[in-house]
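Asks: Take this structure first; my questions come after.
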Amino acid sequence: MSPATTLYRGHEGMWMWVVHRTTGVAIFFFLLVHVLDTALVRVSPEAYNEVIGSYKTPLYAIVEAGLVAAISLHALNGLRVIAVDRSTWALRHQKQLVWWVWIGFAILMLGFLPRHLMHAFGGA
Amino acid sequence: MMSTAPELKSPRRPVSHSTLGRAQRWSWIFQRVSGVILIVLIFTHLFVNLWSGDGINQIDFAFVAGKLANPFWQWFDFLMLTLAMIHGANGMRMIIEDYAHTPWLKATLHWALRISTVVIIVLGTLVLFTFDPCPADAPASLLPSLCEDI
């Protein structure tokens with residue numbers, strides 16, 4: 001059976017759209033959990049410290065890195081979407097702008113990851 | 001081999017902002033305006049809490065209480081909470097519209113989204129503004145340094 005005819009072209013813009021949706025959904029569910037865990041400051045210092053303590057484990061350090069990555073990508077691509085909506089130049093160069101999103105993302109992660117991983121694993 | 005997609009012809013009816021309808025237009029504008037503000041708020045939040053100082057290791061009750069004792073951070077967090085929840089819920093609403101085609105499923109998801117959004121905004125706001133950084137019955141070692149003066 002051949003795949004159904006599709007309008008998807010599989011180019012940069014489409015993949016960035018997929019990235020924007022998946023990171024958006026992931027960030028939304030994290031936000032729900034994050035408000036609930038922070039709400040524990042209203043219960044007691046002990047309750048908050050115990051739950052936030054589990055965020056300082058190696059597994060969660062990786063999850064947090066993924067979260068910062070998701071936020072960075074969603075933020076930079078959001079700016080690209082606004083630019084493409086507002087300017088004909090950006091519309092004409094939207095594919096090129098996808099690569100600028102990835103470059104900006106790489107720069108942000110280079111600034112964040114080493115420091116975060118040192119905090120999480122180096123005890124610094 | 002993937003079949004070739006048909007060439008796109010121009011839409012028969014041109015899509016303009018005025019055909020989107022008032023609610024859709026506001027949703028569209030809100031998503032963009034709140035997005036830009038959220039970039040500033042969330043990157044500041046991440047920089048202060050996760051990058052500066054001891055990063056993830058510094059986060060405990062004393063750290064959060066020390067911040068939330070300051071009205072600046074209370075209002076900062078309130079703005080971040082409400083904008084992020086509405087921005088996120090608006091995005092989720094569009095995703096439900098795109099993928100949930102059965103009427104009962106669509107209705108259930110929309111209501112679940114509305115209820116959880118209101119609950120989280122109300123809960124978060126109550127915590128931010130009714131919070132006591134120096135609870136009387138807590139051990140002093142867990143409290144921010146500002147509690148020593150009281």
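By order of appearance in the structure tokens: chains A, B, ..., then residues from 1 within every chain, and ligands from 1 in the order shown.
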Tell me which protein, DNA and RNA residues are within 12 Å of A:Val25, counting only C-alpha atoms, leaving out same-chain ones fewer than 2 positions away, and put them as number ranges by chain.
Replies: A: 18-23, 27-32, 67, 70-71, 74; B: 85, 87-96
Asks: Applying 12 Å and only C-alpha atoms, which residues near stretch 115-129 of chain B remain after dropping the ones on its own chain fewer than 4 positions away? List them as a PyMOL selection string.
Replies: (chain A and resi 28-29+31-43) or (chain B and resi 64-65+67-90+92-93+108-111+133)
Asks: Can you write just those residues out, C-alpha atoms, as an mmCIF file, in the first residue's frame?
Replies:
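The result, stored in result.cif:
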```
data_model
loop_
_atom_site.group_PDB
_atom_site.id
_atom_site.type_symbol
_atom_site.label_atom_id
_atom_site.label_comp_id
_atom_site.auth_asym_id
_atom_site.auth_seq_id
_atom_site.Cartn_x
_atom_site.Cartn_y
_atom_site.Cartn_z
ATOM 1 C CA PHE A 28 2.959 22.677 29.291
ATOM 2 C CA PHE A 29 2.909 19.417 31.265
ATOM 3 C CA LEU A 31 4.532 23.665 34.024
ATOM 4 C CA LEU A 32 1.569 21.888 35.663
ATOM 5 C CA VAL A 33 3.948 19.735 37.735
ATOM 6 C CA HIS A 34 6.251 22.665 38.504
ATOM 7 C CA VAL A 35 3.428 24.811 39.965
ATOM 8 C CA LEU A 36 2.328 21.830 42.104
ATOM 9 C CA ASP A 37 5.837 21.153 43.457
ATOM 10 C CA THR A 38 6.420 24.850 44.191
ATOM 11 C CA ALA A 39 3.038 24.947 45.980
ATOM 12 C CA LEU A 40 4.650 22.720 48.638
ATOM 13 C CA VAL A 41 6.369 25.839 50.074
ATOM 14 C CA ARG A 42 2.870 26.559 51.444
ATOM 15 C CA VAL A 43 2.780 23.147 53.186
ATOM 16 C CA VAL B 64 12.529 30.199 47.386
ATOM 17 C CA ALA B 65 11.294 31.890 50.597
ATOM 18 C CA LYS B 67 12.947 35.335 46.825
ATOM 19 C CA LEU B 68 9.203 35.285 47.464
ATOM 20 C CA ALA B 69 9.549 37.540 50.527
ATOM 21 C CA ASN B 70 10.275 40.262 47.951
ATOM 22 C CA PRO B 71 7.185 41.771 46.225
ATOM 23 C CA PHE B 72 9.215 42.130 43.014
ATOM 24 C CA TRP B 73 9.612 38.358 42.689
ATOM 25 C CA GLN B 74 6.001 37.769 43.802
ATOM 26 C CA TRP B 75 4.692 39.884 40.925
ATOM 27 C CA PHE B 76 7.350 38.568 38.548
ATOM 28 C CA ASP B 77 6.272 34.977 39.300
ATOM 29 C CA PHE B 78 2.578 35.920 39.144
ATOM 30 C CA LEU B 79 3.005 37.411 35.668
ATOM 31 C CA MET B 80 5.095 34.429 34.525
ATOM 32 C CA LEU B 81 2.551 31.954 35.953
ATOM 33 C CA THR B 82 -0.535 33.513 34.358
ATOM 34 C CA LEU B 83 1.046 34.301 30.979
ATOM 35 C CA ALA B 84 2.669 30.846 30.721
ATOM 36 C CA MET B 85 -0.520 29.010 31.683
ATOM 37 C CA ILE B 86 -2.714 30.972 29.256
ATOM 38 C CA HIS B 87 -0.100 30.741 26.465
ATOM 39 C CA GLY B 88 0.254 26.987 27.081
ATOM 40 C CA ALA B 89 -3.492 26.383 27.343
ATOM 41 C CA ASN B 90 -4.069 28.356 24.143
ATOM 42 C CA MET B 92 -3.059 23.001 23.764
ATOM 43 C CA ARG B 93 -6.490 24.235 22.630
ATOM 44 C CA THR B 108 -13.848 16.284 27.344
ATOM 45 C CA LEU B 109 -10.350 17.460 26.447
ATOM 46 C CA HIS B 110 -11.414 21.107 26.231
ATOM 47 C CA TRP B 111 -13.055 20.920 29.663
ATOM 48 C CA PRO B 133 8.647 32.838 54.415
#
```
Asks: Find the residue from B:Ala23, B:Leu146, B:Leu113, B:Ala100 that sits nearest to chain A; use only C-alpha atoms when measuring.
Replies: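 Closest to chain A, using only C-alpha atoms: B:Leu113.
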Asks: Pick out the closest residue to B:Asp132 from this set: A:His93, A:Gly24, A:Trp15, A:Ser44. Count only C-alpha atoms.
Replies: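 For B:Asp132, the nearest of the given residues is A:Ser44.
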Asks: May I have a table of the residues of stretch 18-133 of chain B lying at most 12 Å from stretch 48-59 of chain A, giving each one's closest pair of atoms and their distance in Å to one decimal, counting only C-alpha atoms, ordered by chain and ascending residue number, as JSON lines?
Replies:
```
{"residue": "B:Leu50", "atom": "CA", "partner": "A:Lys56", "partner_atom": "CA", "distance": 11.4}
{"residue": "B:Asp54", "atom": "CA", "partner": "A:Lys56", "partner_atom": "CA", "distance": 11.7}
{"residue": "B:Gly55", "atom": "CA", "partner": "A:Lys56", "partner_atom": "CA", "distance": 10.2}
{"residue": "B:Ile56", "atom": "CA", "partner": "A:Lys56", "partner_atom": "CA", "distance": 6.6}
{"residue": "B:Asn57", "atom": "CA", "partner": "A:Lys56", "partner_atom": "CA", "distance": 6.7}
{"residue": "B:Gln58", "atom": "CA", "partner": "A:Lys56", "partner_atom": "CA", "distance": 9.8}
{"residue": "B:Ile59", "atom": "CA", "partner": "A:Ile52", "partner_atom": "CA", "distance": 7.4}
{"residue": "B:Asp60", "atom": "CA", "partner": "A:Asn49", "partner_atom": "CA", "distance": 5.4}
{"residue": "B:Phe61", "atom": "CA", "partner": "A:Asn49", "partner_atom": "CA", "distance": 6.0}
{"residue": "B:Ala62", "atom": "CA", "partner": "A:Asn49", "partner_atom": "CA", "distance": 9.2}
{"residue": "B:Phe63", "atom": "CA", "partner": "A:Asn49", "partner_atom": "CA", "distance": 10.4}
{"residue": "B:Val64", "atom": "CA", "partner": "A:Tyr48", "partner_atom": "CA", "distance": 9.8}
{"residue": "B:Ala65", "atom": "CA", "partner": "A:Tyr48", "partner_atom": "CA", "distance": 10.8}
```
Asks: To one decimal place, how far is atom CA of A:Arg80 from atom CA of B:Arg22 in Å?
Replies: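 Distance reported for this atom pair: 24.4 Å.
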Asks: Near A:Phe105, within 10 Å and counting only C-alpha atoms, which residues show up once chain neighbours fewer than 5 positions away are dropped, as a list in words?
Replies: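 Those residues are Ala69, Ala70, Ile71, Ser72, Leu73, His74, Ala75, Leu76, Asn77, Trp99, Trp100, Leu110 and Gly111 of chain A.
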Asks: Residues of the last selection are to be written out with C-alpha atoms, as a tab-separated table (two decimals), in the first residue's frame.
Replies:
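To be explicit, this is the file written out as part.tsv:
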```tsv
chain	number	residue	atom	x	y	z
A	69	ALA	CA	16.63	22.61	25.62
A	70	ALA	CA	12.89	22.43	24.88
A	71	ILE	CA	12.31	25.96	26.19
A	72	SER	CA	15.24	27.37	24.20
A	73	LEU	CA	14.09	25.77	20.94
A	74	HIS	CA	10.46	26.80	21.45
A	75	ALA	CA	11.50	30.37	22.31
A	76	LEU	CA	13.86	30.82	19.34
A	77	ASN	CA	11.48	29.23	16.87
A	99	TRP	CA	19.27	27.13	10.73
A	100	TRP	CA	19.70	30.31	12.77
A	110	LEU	CA	26.87	25.59	25.28
A	111	GLY	CA	26.37	28.34	27.86
```
